[in-house]
2 protein chains.
Amino acid sequence: MDGAPPPASPAGLSAYVVVSQLLGLTLLAATGAWLGRYRGGVAWHSLLQFNVHPLCMVLGMVFLQGDALLVYRVFRHEAKRSTKALHALLHGLALVVALVGIVAVFESHRTKGIPDMYSLHSWCGMAAFVLYLLQWLLGFGFFLLPGASFSLRSRYKPQHVFFGIALFALSIAACLLGITEMLLFNIRDSYSQFVPEGVLANTLGVLLVTFGLVVGYVLTRDDWKRPPLAEELALSMDFKTLTEGESPGGGSQ
Amino acid sequence: MDGAPPPASPAGLSAYVVVSQLLGLTLLAATGAWLGRYRGGVAWHSLLQFNVHPLCMVLGMVFLQGDALLVYRVFRHEAKRSTKALHALLHGLALVVALVGIVAVFESHRTKGIPDMYSLHSWCGMAAFVLYLLQWLLGFGFFLLPGASFSLRSRYKPQHVFFGIALFALSIAACLLGITEMLLFNIRDSYSQFVPEGVLANTLGVLLVTFGLVVGYVLTRDDWKRPPLAEELALSMDFKTLTEGESPGGGSQ
């Protein structure tokens, strides 16, 4: 209680972040339990290759994407450049993991002679992945490369934030569709008898929605937004006054 | 171009609202086309009773719910009390239409001897409906009944807004799950051959997501939020100064 305390996080934020991480780990465990106990496990060079797909999509497009979105709330007192780099790095990692999951399902379809991209799940999932990649490239170009002006960055930022959250929601919806497809292909006749596999997979769906709600709440709560550090505020005022509409050169905001 | 113009809406807002309404009507038409052309049409006292369900859920939980959310953006210069009443009325209508759709599926299940509430679609859909009803009751209690204090209303409002948008997203996700279920129950073997029914239903799914994105964008764009009218601003300052933490009596904010 004595001495100068470090800058405090807003009341409640830490609790929500902890809950989000517990939910994230639980939904990874639930995915693993479903695939391990009822679907024969996961392996690349085998008929189990398909199972790499749900595992990678939940890990990449939900858990890692969600955590990348939370970076600005969790590391609120770090330098903006480090936080931004971590945000880009986690989203990049999510994209790589998701790409592995997509390759797995295409290869598995080829092995089994199943057509690709006919279902609503595949349409929504592929749209989510392609737009997520585009969002990453745009974010990198606008916020990490030195070329974009302060005013351009300011105008793009609200779009980046809106589409970031919207694509996270679409990714979760695509996962729910994938769960429903898997259940109706594998346990169509016993699903309505509330067999354990169906209940477990439904519970995974509920966990995905809950994770999305908690992350979405943390992201959109006004008083939990990252406050600009004193030096950023001064710097941005300088840029705004001196270089309105021009590039801040090699600096980054 | 001459004479005092009426208060203008922000540039672009009207265009987005028009697009949202065109999308809404298109997705209703697509639902009707799917049910009419491929599923035998819609009727209450027959084996077609099930088809009332998708029609009512798309109309109630998506189109009407979306329009109810847009009310504060569209009627931005009307008195707040009228706008609030319309917001509550449209949400109420959405709930009634959705309830008809839920009764339809339960009665249809009973007729056909199909168990209820076993699928992820039913879990997500029922959660969306029950929470939406709760949200309506809480909104009515806090914002339309005179009991709640100004400060209580101010503290509840951000939660009301967040859950309003989140439940709209969950409602759309539940519709996507319902489309996938219907396709896998009805055209499981031909779905992968890109038959017209599958493509039409997938397109309906894409329209639902697009409607959600457009409505979500209009709702969350900061500079499109409803500005308080001059008299509301004066009134709220009075309430804030004079009755902080107490009820503003019979008045409504």
# chains A, B, ... in the order shown; residues from 1 in each chain; ligands from 1
$ interface_residues --of "chain A" --to "chain B" --cutoff "6 Å" --atoms "only C-alpha atoms" --output "VMD selection string"
chain A and resid 118 120 173 177 192 202
$ write_last_selection --atoms "all heavy atoms" --output "tab-separated table (two decimals), in the first residue's frame"
chain	number	residue	atom	x	y	z
A	118	TYR	N	-18.72	-26.25	-51.07
A	118	TYR	CA	-20.14	-26.24	-51.45
A	118	TYR	C	-21.06	-25.81	-50.32
A	118	TYR	O	-22.19	-25.39	-50.56
A	118	TYR	CB	-20.57	-27.62	-51.96
A	118	TYR	CG	-20.55	-28.71	-50.91
A	118	TYR	CD1	-21.64	-28.91	-50.07
A	118	TYR	CD2	-19.43	-29.51	-50.74
A	118	TYR	CE1	-21.61	-29.89	-49.08
A	118	TYR	CE2	-19.39	-30.48	-49.76
A	118	TYR	CZ	-20.48	-30.67	-48.93
A	118	TYR	OH	-20.44	-31.62	-47.95
A	120	LEU	N	-22.47	-23.84	-46.70
A	120	LEU	CA	-22.51	-22.49	-46.10
A	120	LEU	C	-21.34	-22.32	-45.14
A	120	LEU	O	-20.76	-21.23	-45.04
A	120	LEU	CB	-23.85	-22.29	-45.38
A	120	LEU	CG	-24.07	-20.93	-44.75
A	120	LEU	CD1	-23.92	-19.80	-45.76
A	120	LEU	CD2	-25.45	-20.85	-44.09
A	173	ALA	N	-18.99	-17.70	-35.91
A	173	ALA	CA	-20.17	-18.26	-36.58
A	173	ALA	C	-19.77	-19.41	-37.50
A	173	ALA	O	-20.45	-20.44	-37.55
A	173	ALA	CB	-20.88	-17.16	-37.37
A	177	LEU	N	-21.02	-23.37	-37.46
A	177	LEU	CA	-21.51	-24.08	-38.64
A	177	LEU	C	-20.73	-25.37	-38.86
A	177	LEU	O	-21.29	-26.41	-39.22
A	177	LEU	CB	-21.40	-23.19	-39.88
A	177	LEU	CG	-22.36	-21.99	-39.94
A	177	LEU	CD1	-22.02	-21.09	-41.12
A	177	LEU	CD2	-23.80	-22.47	-40.04
A	192	SER	N	-30.20	-36.60	-31.93
A	192	SER	CA	-31.44	-36.18	-31.27
A	192	SER	C	-31.71	-36.96	-29.99
A	192	SER	O	-32.66	-36.65	-29.26
A	192	SER	CB	-32.62	-36.33	-32.23
A	192	SER	OG	-32.81	-37.69	-32.56
A	202	ASN	N	-22.08	-29.45	-28.71
A	202	ASN	CA	-22.95	-28.29	-28.47
A	202	ASN	C	-22.34	-27.37	-27.40
A	202	ASN	O	-22.37	-26.14	-27.53
A	202	ASN	CB	-24.33	-28.74	-27.97
A	202	ASN	CG	-25.20	-29.32	-29.07
A	202	ASN	OD1	-24.78	-29.43	-30.21
A	202	ASN	ND2	-26.42	-29.69	-28.72
$ select_by_dssp --residues "range 34-253 of chain A" --states "alpha helix (DSSP H)" --output "JSON, numbers by chain"
{"A": [34, 35, 36, 37, 38, 52, 53, 54, 55, 56, 57, 65, 66, 67, 68, 69, 70, 71, 72, 73, 74, 80, 81, 82, 83, 84, 85, 86, 87, 88, 89, 90, 91, 92, 93, 94, 95, 96, 97, 98, 99, 100, 101, 102, 103, 104, 105, 106, 107, 108, 109, 110, 111, 112, 120, 121, 122, 123, 124, 125, 126, 127, 128, 129, 130, 131, 132, 133, 134, 135, 136, 137, 138, 139, 150, 151, 152, 153, 154, 155, 156, 157, 158, 159, 160, 161, 162, 163, 164, 165, 166, 167, 168, 169, 170, 171, 172, 173, 174, 175, 176, 177, 178, 179, 180, 181, 182, 183, 184, 185, 186, 196, 197, 198, 199, 200, 201, 202, 203, 204, 205, 206, 207, 208, 209, 210, 211, 212, 213, 214, 215, 216, 217, 218, 219, 220, 230, 231, 232, 233, 234, 235, 236, 237, 238, 239, 240, 241, 242, 243]}
$ residues_around --residues "Ala98 in chain B" --least-positions-apart "6" --cutoff "8 Å" --atoms "only C-alpha atoms" --output "list of chain:residue names"
B:Cys56, B:Met57, B:Leu59, B:Gly60, B:Met61, B:Phe129
$ closest_residue --among "A:Trp136, A:Phe63, A:Phe142, A:Phe75" --to "Ala8 in chain A" --atoms "only C-alpha atoms"
A:Phe75
$ atom_distance --atom1 "CA of Val161 in chain B" --atom2 "CA of Leu69 in chain B"
9.2 Å
$ closest_residue --among "A:Asp223, A:Glu78, A:Glu197, A:Glu232" --to "Pro10 in chain A" --atoms "only C-alpha atoms"
A:Asp223
$ closest_residue --among "A:His91, A:Arg153, A:Lys80, A:His109" --to "Asp67 in chain A" --atoms "only C-alpha atoms"
A:His91
$ residues_around --residues "Ala79 in chain B" --least-positions-apart "5" --cutoff "12 Å" --atoms "only C-alpha atoms" --output "ChimeraX atom specification"
/B:72,84-86,226-232,252-253
$ residues_around --residues "Trp44 in chain B" --least-positions-apart "3" --cutoff "10 Å" --atoms "only C-alpha atoms" --output "list in words"
Leu47, Leu48, Gln49, Phe50, Asn51, Val52, Ala104, Glu107 and Ser108 of chain B
$ write_last_selection --atoms "all heavy atoms" --output "PDB file, in the first residue's frame"
ATOM      1  N   LEU B  47     -48.354 -30.498 -42.836  1.00  0.00           N
ATOM      2  CA  LEU B  47     -46.962 -30.915 -42.665  1.00  0.00           C
ATOM      3  C   LEU B  47     -45.998 -29.781 -43.020  1.00  0.00           C
ATOM      4  O   LEU B  47     -44.793 -29.881 -42.768  1.00  0.00           O
ATOM      5  CB  LEU B  47     -46.672 -32.146 -43.530  1.00  0.00           C
ATOM      6  CG  LEU B  47     -47.302 -33.451 -42.996  1.00  0.00           C
ATOM      7  CD1 LEU B  47     -47.062 -34.604 -43.956  1.00  0.00           C
ATOM      8  CD2 LEU B  47     -46.752 -33.797 -41.602  1.00  0.00           C
ATOM      9  N   LEU B  48     -46.548 -28.712 -43.637  1.00  0.00           N
ATOM     10  CA  LEU B  48     -45.710 -27.559 -43.990  1.00  0.00           C
ATOM     11  C   LEU B  48     -45.544 -26.589 -42.817  1.00  0.00           C
ATOM     12  O   LEU B  48     -44.904 -25.543 -42.958  1.00  0.00           O
ATOM     13  CB  LEU B  48     -46.312 -26.820 -45.191  1.00  0.00           C
ATOM     14  CG  LEU B  48     -46.408 -27.626 -46.499  1.00  0.00           C
ATOM     15  CD1 LEU B  48     -47.143 -26.824 -47.565  1.00  0.00           C
ATOM     16  CD2 LEU B  48     -45.013 -28.011 -46.987  1.00  0.00           C
ATOM     17  N   GLN B  49     -46.119 -26.949 -41.666  1.00  0.00           N
ATOM     18  CA  GLN B  49     -46.045 -26.029 -40.514  1.00  0.00           C
ATOM     19  C   GLN B  49     -44.594 -25.697 -40.157  1.00  0.00           C
ATOM     20  O   GLN B  49     -44.294 -24.566 -39.756  1.00  0.00           O
ATOM     21  CB  GLN B  49     -46.755 -26.643 -39.309  1.00  0.00           C
ATOM     22  CG  GLN B  49     -46.904 -25.658 -38.149  1.00  0.00           C
ATOM     23  CD  GLN B  49     -47.640 -26.262 -36.971  1.00  0.00           C
ATOM     24  OE1 GLN B  49     -47.700 -27.475 -36.810  1.00  0.00           O
ATOM     25  NE2 GLN B  49     -48.216 -25.403 -36.135  1.00  0.00           N
ATOM     26  N   PHE B  50     -43.707 -26.686 -40.329  1.00  0.00           N
ATOM     27  CA  PHE B  50     -42.292 -26.423 -40.010  1.00  0.00           C
ATOM     28  C   PHE B  50     -41.783 -25.187 -40.734  1.00  0.00           C
ATOM     29  O   PHE B  50     -40.992 -24.403 -40.179  1.00  0.00           O
ATOM     30  CB  PHE B  50     -41.408 -27.636 -40.365  1.00  0.00           C
ATOM     31  CG  PHE B  50     -39.950 -27.334 -40.167  1.00  0.00           C
ATOM     32  CD1 PHE B  50     -39.359 -27.477 -38.920  1.00  0.00           C
ATOM     33  CD2 PHE B  50     -39.175 -26.833 -41.214  1.00  0.00           C
ATOM     34  CE1 PHE B  50     -38.027 -27.148 -38.721  1.00  0.00           C
ATOM     35  CE2 PHE B  50     -37.843 -26.501 -41.019  1.00  0.00           C
ATOM     36  CZ  PHE B  50     -37.272 -26.664 -39.774  1.00  0.00           C
ATOM     37  N   ASN B  51     -42.217 -25.005 -41.994  1.00  0.00           N
ATOM     38  CA  ASN B  51     -41.681 -23.912 -42.823  1.00  0.00           C
ATOM     39  C   ASN B  51     -42.043 -22.521 -42.315  1.00  0.00           C
ATOM     40  O   ASN B  51     -41.429 -21.530 -42.722  1.00  0.00           O
ATOM     41  CB  ASN B  51     -42.142 -24.068 -44.279  1.00  0.00           C
ATOM     42  CG  ASN B  51     -41.507 -25.277 -44.942  1.00  0.00           C
ATOM     43  OD1 ASN B  51     -40.575 -25.866 -44.384  1.00  0.00           O
ATOM     44  ND2 ASN B  51     -42.004 -25.665 -46.109  1.00  0.00           N
ATOM     45  N   VAL B  52     -43.056 -22.460 -41.416  1.00  0.00           N
ATOM     46  CA  VAL B  52     -43.355 -21.167 -40.777  1.00  0.00           C
ATOM     47  C   VAL B  52     -42.136 -20.725 -39.959  1.00  0.00           C
ATOM     48  O   VAL B  52     -41.873 -19.524 -39.808  1.00  0.00           O
ATOM     49  CB  VAL B  52     -44.605 -21.295 -39.866  1.00  0.00           C
ATOM     50  CG1 VAL B  52     -44.866 -20.004 -39.109  1.00  0.00           C
ATOM     51  CG2 VAL B  52     -45.826 -21.694 -40.686  1.00  0.00           C
ATOM     52  N   ALA B 104     -44.340 -22.844 -34.044  1.00  0.00           N
ATOM     53  CA  ALA B 104     -44.449 -23.649 -35.268  1.00  0.00           C
ATOM     54  C   ALA B 104     -43.512 -24.842 -35.235  1.00  0.00           C
ATOM     55  O   ALA B 104     -43.904 -25.969 -35.573  1.00  0.00           O
ATOM     56  CB  ALA B 104     -44.170 -22.784 -36.493  1.00  0.00           C
ATOM     57  N   GLU B 107     -44.603 -27.436 -32.470  1.00  0.00           N
ATOM     58  CA  GLU B 107     -45.805 -28.204 -32.889  1.00  0.00           C
ATOM     59  C   GLU B 107     -45.459 -29.177 -34.013  1.00  0.00           C
ATOM     60  O   GLU B 107     -45.924 -30.316 -34.029  1.00  0.00           O
ATOM     61  CB  GLU B 107     -46.908 -27.239 -33.354  1.00  0.00           C
ATOM     62  CG  GLU B 107     -47.624 -26.579 -32.188  1.00  0.00           C
ATOM     63  CD  GLU B 107     -49.022 -26.102 -32.563  1.00  0.00           C
ATOM     64  OE1 GLU B 107     -49.466 -26.326 -33.712  1.00  0.00           O
ATOM     65  OE2 GLU B 107     -49.670 -25.487 -31.710  1.00  0.00           O
ATOM     66  N   SER B 108     -44.645 -28.714 -34.958  1.00  0.00           N
ATOM     67  CA  SER B 108     -44.245 -29.570 -36.074  1.00  0.00           C
ATOM     68  C   SER B 108     -43.445 -30.777 -35.569  1.00  0.00           C
ATOM     69  O   SER B 108     -43.634 -31.901 -36.027  1.00  0.00           O
ATOM     70  CB  SER B 108     -43.432 -28.738 -37.075  1.00  0.00           C
ATOM     71  OG  SER B 108     -42.669 -29.551 -37.901  1.00  0.00           O
TER      72      SER B 108
END
$ atom_distance --atom1 "CA of Ser154 in chain A" --atom2 "CA of Val218 in chain B"
18.6 Å
$ residues_around --residues "Val74 in chain A" --least-positions-apart "2" --cutoff "9 Å" --atoms "only C-alpha atoms" --output "tab-separated table (two decimals) with C-alpha atoms, in the first residue's frame"
chain	number	residue	atom	x	y	z
A	9	SER	CA	-5.94	-1.11	-14.85
A	13	LEU	CA	-10.88	-5.40	-16.68
A	14	SER	CA	-8.38	-7.90	-15.28
A	17	VAL	CA	-9.41	-10.88	-19.22
A	70	LEU	CA	-7.24	-8.01	-26.54
A	71	VAL	CA	-3.60	-6.88	-26.73
A	72	TYR	CA	-4.42	-3.13	-26.60
A	76	ARG	CA	-2.36	-0.64	-21.89
A	77	HIS	CA	0.68	1.02	-20.33
A	226	ARG	CA	-6.30	2.12	-24.03
$ atom_distance --atom1 "CA of Leu208 in chain B" --atom2 "CA of Phe168 in chain A"
16.3 Å
$ residues_around --residues "Leu207 in chain A" --least-positions-apart "4" --cutoff "8 Å" --atoms "only C-alpha atoms" --output "PyMOL selection string"
chain A and resi 23+26-27+203+211
$ decode --residues "range 77-126 of chain B" --atoms "N, CA and C atoms" --output "mmCIF file, in the first residue's frame"
data_model
loop_
_atom_site.group_PDB
_atom_site.id
_atom_site.type_symbol
_atom_site.label_atom_id
_atom_site.label_comp_id
_atom_site.auth_asym_id
_atom_site.auth_seq_id
_atom_site.Cartn_x
_atom_site.Cartn_y
_atom_site.Cartn_z
ATOM 1 N N HIS B 77 -33.784 13.162 -35.595
ATOM 2 C CA HIS B 77 -34.196 14.519 -35.216
ATOM 3 C C HIS B 77 -35.605 14.543 -34.624
ATOM 4 N N GLU B 78 -36.174 13.364 -34.349
ATOM 5 C CA GLU B 78 -37.496 13.308 -33.704
ATOM 6 C C GLU B 78 -37.306 13.374 -32.179
ATOM 7 N N ALA B 79 -38.404 13.613 -31.477
ATOM 8 C CA ALA B 79 -38.349 13.644 -30.011
ATOM 9 C C ALA B 79 -37.917 12.266 -29.501
ATOM 10 N N LYS B 80 -37.101 12.253 -28.453
ATOM 11 C CA LYS B 80 -36.528 11.002 -27.989
ATOM 12 C C LYS B 80 -37.609 10.009 -27.544
ATOM 13 N N ARG B 81 -38.673 10.546 -26.903
ATOM 14 C CA ARG B 81 -39.713 9.643 -26.383
ATOM 15 C C ARG B 81 -40.382 8.861 -27.523
ATOM 16 N N SER B 82 -40.687 9.532 -28.653
ATOM 17 C CA SER B 82 -41.321 8.832 -29.787
ATOM 18 C C SER B 82 -40.359 7.788 -30.361
ATOM 19 N N THR B 83 -39.103 8.169 -30.511
ATOM 20 C CA THR B 83 -38.112 7.242 -31.077
ATOM 21 C C THR B 83 -37.979 6.008 -30.185
ATOM 22 N N LYS B 84 -37.932 6.260 -28.877
ATOM 23 C CA LYS B 84 -37.809 5.168 -27.910
ATOM 24 C C LYS B 84 -39.018 4.235 -27.985
ATOM 25 N N ALA B 85 -40.214 4.824 -28.129
ATOM 26 C CA ALA B 85 -41.442 4.009 -28.201
ATOM 27 C C ALA B 85 -41.426 3.148 -29.464
ATOM 28 N N LEU B 86 -40.976 3.721 -30.581
ATOM 29 C CA LEU B 86 -40.905 2.964 -31.834
ATOM 30 C C LEU B 86 -39.885 1.827 -31.718
ATOM 31 N N HIS B 87 -38.742 2.128 -31.069
ATOM 32 C CA HIS B 87 -37.684 1.134 -30.833
ATOM 33 C C HIS B 87 -38.275 -0.059 -30.049
ATOM 34 N N ALA B 88 -39.003 0.241 -28.978
ATOM 35 C CA ALA B 88 -39.608 -0.815 -28.147
ATOM 36 C C ALA B 88 -40.693 -1.571 -28.922
ATOM 37 N N LEU B 89 -41.463 -0.824 -29.703
ATOM 38 C CA LEU B 89 -42.575 -1.427 -30.451
ATOM 39 C C LEU B 89 -42.053 -2.410 -31.500
ATOM 40 N N LEU B 90 -41.043 -1.999 -32.252
ATOM 41 C CA LEU B 90 -40.487 -2.874 -33.296
ATOM 42 C C LEU B 90 -39.849 -4.119 -32.681
ATOM 43 N N HIS B 91 -39.127 -3.937 -31.572
ATOM 44 C CA HIS B 91 -38.542 -5.103 -30.896
ATOM 45 C C HIS B 91 -39.650 -6.017 -30.376
ATOM 46 N N GLY B 92 -40.720 -5.412 -29.864
ATOM 47 C CA GLY B 92 -41.857 -6.205 -29.377
ATOM 48 C C GLY B 92 -42.494 -7.008 -30.503
ATOM 49 N N LEU B 93 -42.658 -6.359 -31.654
ATOM 50 C CA LEU B 93 -43.222 -7.036 -32.834
ATOM 51 C C LEU B 93 -42.307 -8.190 -33.264
ATOM 52 N N ALA B 94 -40.994 -7.930 -33.251
ATOM 53 C CA ALA B 94 -40.013 -8.961 -33.603
ATOM 54 C C ALA B 94 -40.159 -10.173 -32.679
ATOM 55 N N LEU B 95 -40.348 -9.895 -31.379
ATOM 56 C CA LEU B 95 -40.490 -10.982 -30.404
ATOM 57 C C LEU B 95 -41.751 -11.796 -30.662
ATOM 58 N N VAL B 96 -42.866 -11.116 -30.997
ATOM 59 C CA VAL B 96 -44.126 -11.825 -31.256
ATOM 60 C C VAL B 96 -43.986 -12.718 -32.497
ATOM 61 N N VAL B 97 -43.411 -12.157 -33.573
ATOM 62 C CA VAL B 97 -43.213 -12.932 -34.805
ATOM 63 C C VAL B 97 -42.309 -14.134 -34.528
ATOM 64 N N ALA B 98 -41.240 -13.913 -33.751
ATOM 65 C CA ALA B 98 -40.320 -15.008 -33.433
ATOM 66 C C ALA B 98 -41.023 -16.077 -32.596
ATOM 67 N N LEU B 99 -41.896 -15.644 -31.690
ATOM 68 C CA LEU B 99 -42.623 -16.608 -30.855
ATOM 69 C C LEU B 99 -43.509 -17.509 -31.724
ATOM 70 N N VAL B 100 -44.167 -16.917 -32.725
ATOM 71 C CA VAL B 100 -44.978 -17.722 -33.660
ATOM 72 C C VAL B 100 -44.083 -18.759 -34.343
ATOM 73 N N GLY B 101 -42.898 -18.341 -34.757
ATOM 74 C CA GLY B 101 -41.953 -19.253 -35.413
ATOM 75 C C GLY B 101 -41.499 -20.375 -34.489
ATOM 76 N N ILE B 102 -41.342 -20.058 -33.196
ATOM 77 C CA ILE B 102 -40.902 -21.085 -32.234
ATOM 78 C C ILE B 102 -42.038 -22.081 -31.971
ATOM 79 N N VAL B 103 -43.270 -21.566 -31.826
ATOM 80 C CA VAL B 103 -44.431 -22.454 -31.637
ATOM 81 C C VAL B 103 -44.548 -23.394 -32.840
ATOM 82 N N ALA B 104 -44.340 -22.844 -34.044
ATOM 83 C CA ALA B 104 -44.449 -23.649 -35.268
ATOM 84 C C ALA B 104 -43.512 -24.842 -35.235
ATOM 85 N N VAL B 105 -42.260 -24.624 -34.826
ATOM 86 C CA VAL B 105 -41.301 -25.733 -34.869
ATOM 87 C C VAL B 105 -41.588 -26.754 -33.768
ATOM 88 N N PHE B 106 -42.015 -26.284 -32.588
ATOM 89 C CA PHE B 106 -42.343 -27.231 -31.512
ATOM 90 C C PHE B 106 -43.554 -28.077 -31.903
ATOM 91 N N GLU B 107 -44.603 -27.436 -32.470
ATOM 92 C CA GLU B 107 -45.805 -28.204 -32.889
ATOM 93 C C GLU B 107 -45.459 -29.177 -34.013
ATOM 94 N N SER B 108 -44.645 -28.714 -34.958
ATOM 95 C CA SER B 108 -44.245 -29.570 -36.074
ATOM 96 C C SER B 108 -43.445 -30.777 -35.569
ATOM 97 N N HIS B 109 -42.545 -30.546 -34.605
ATOM 98 C CA HIS B 109 -41.789 -31.659 -34.007
ATOM 99 C C HIS B 109 -42.729 -32.664 -33.341
ATOM 100 N N ARG B 110 -43.748 -32.130 -32.610
ATOM 101 C CA ARG B 110 -44.680 -33.028 -31.911
ATOM 102 C C ARG B 110 -45.437 -33.888 -32.925
ATOM 103 N N THR B 111 -45.915 -33.238 -34.013
ATOM 104 C CA THR B 111 -46.651 -33.976 -35.047
ATOM 105 C C THR B 111 -45.802 -35.095 -35.641
ATOM 106 N N LYS B 112 -44.506 -34.786 -35.866
ATOM 107 C CA LYS B 112 -43.642 -35.760 -36.538
ATOM 108 C C LYS B 112 -42.870 -36.656 -35.569
ATOM 109 N N GLY B 113 -43.048 -36.453 -34.265
ATOM 110 C CA GLY B 113 -42.337 -37.270 -33.272
ATOM 111 C C GLY B 113 -40.838 -37.008 -33.215
ATOM 112 N N ILE B 114 -40.433 -35.763 -33.527
ATOM 113 C CA ILE B 114 -39.003 -35.401 -33.470
ATOM 114 C C ILE B 114 -38.715 -34.742 -32.116
ATOM 115 N N PRO B 115 -37.614 -35.150 -31.435
ATOM 116 C CA PRO B 115 -37.296 -34.513 -30.138
ATOM 117 C C PRO B 115 -36.948 -33.028 -30.321
ATOM 118 N N ASP B 116 -37.138 -32.254 -29.251
ATOM 119 C CA ASP B 116 -36.823 -30.814 -29.278
ATOM 120 C C ASP B 116 -35.459 -30.544 -28.659
ATOM 121 N N MET B 117 -34.916 -29.427 -29.008
ATOM 122 C CA MET B 117 -33.811 -28.790 -28.283
ATOM 123 C C MET B 117 -32.551 -29.652 -28.131
ATOM 124 N N TYR B 118 -32.244 -30.479 -29.103
ATOM 125 C CA TYR B 118 -31.023 -31.279 -28.994
ATOM 126 C C TYR B 118 -29.854 -30.686 -29.782
ATOM 127 N N SER B 119 -30.163 -29.816 -30.773
ATOM 128 C CA SER B 119 -29.086 -29.375 -31.669
ATOM 129 C C SER B 119 -28.467 -28.050 -31.222
ATOM 130 N N LEU B 120 -27.264 -27.784 -31.725
ATOM 131 C CA LEU B 120 -26.588 -26.513 -31.440
ATOM 132 C C LEU B 120 -27.429 -25.347 -31.947
ATOM 133 N N HIS B 121 -28.112 -25.547 -33.092
ATOM 134 C CA HIS B 121 -29.010 -24.509 -33.612
ATOM 135 C C HIS B 121 -30.090 -24.164 -32.591
ATOM 136 N N SER B 122 -30.701 -25.197 -32.009
ATOM 137 C CA SER B 122 -31.789 -24.932 -31.054
ATOM 138 C C SER B 122 -31.245 -24.285 -29.778
ATOM 139 N N TRP B 123 -30.050 -24.704 -29.349
ATOM 140 C CA TRP B 123 -29.466 -24.098 -28.137
ATOM 141 C C TRP B 123 -29.177 -22.609 -28.372
ATOM 142 N N CYS B 124 -28.510 -22.322 -29.508
ATOM 143 C CA CYS B 124 -28.159 -20.921 -29.802
ATOM 144 C C CYS B 124 -29.415 -20.089 -30.051
ATOM 145 N N GLY B 125 -30.359 -20.659 -30.824
ATOM 146 C CA GLY B 125 -31.576 -19.928 -31.156
ATOM 147 C C GLY B 125 -32.416 -19.638 -29.924
ATOM 148 N N MET B 126 -32.577 -20.643 -29.057
ATOM 149 C CA MET B 126 -33.392 -20.425 -27.852
ATOM 150 C C MET B 126 -32.700 -19.433 -26.915
#
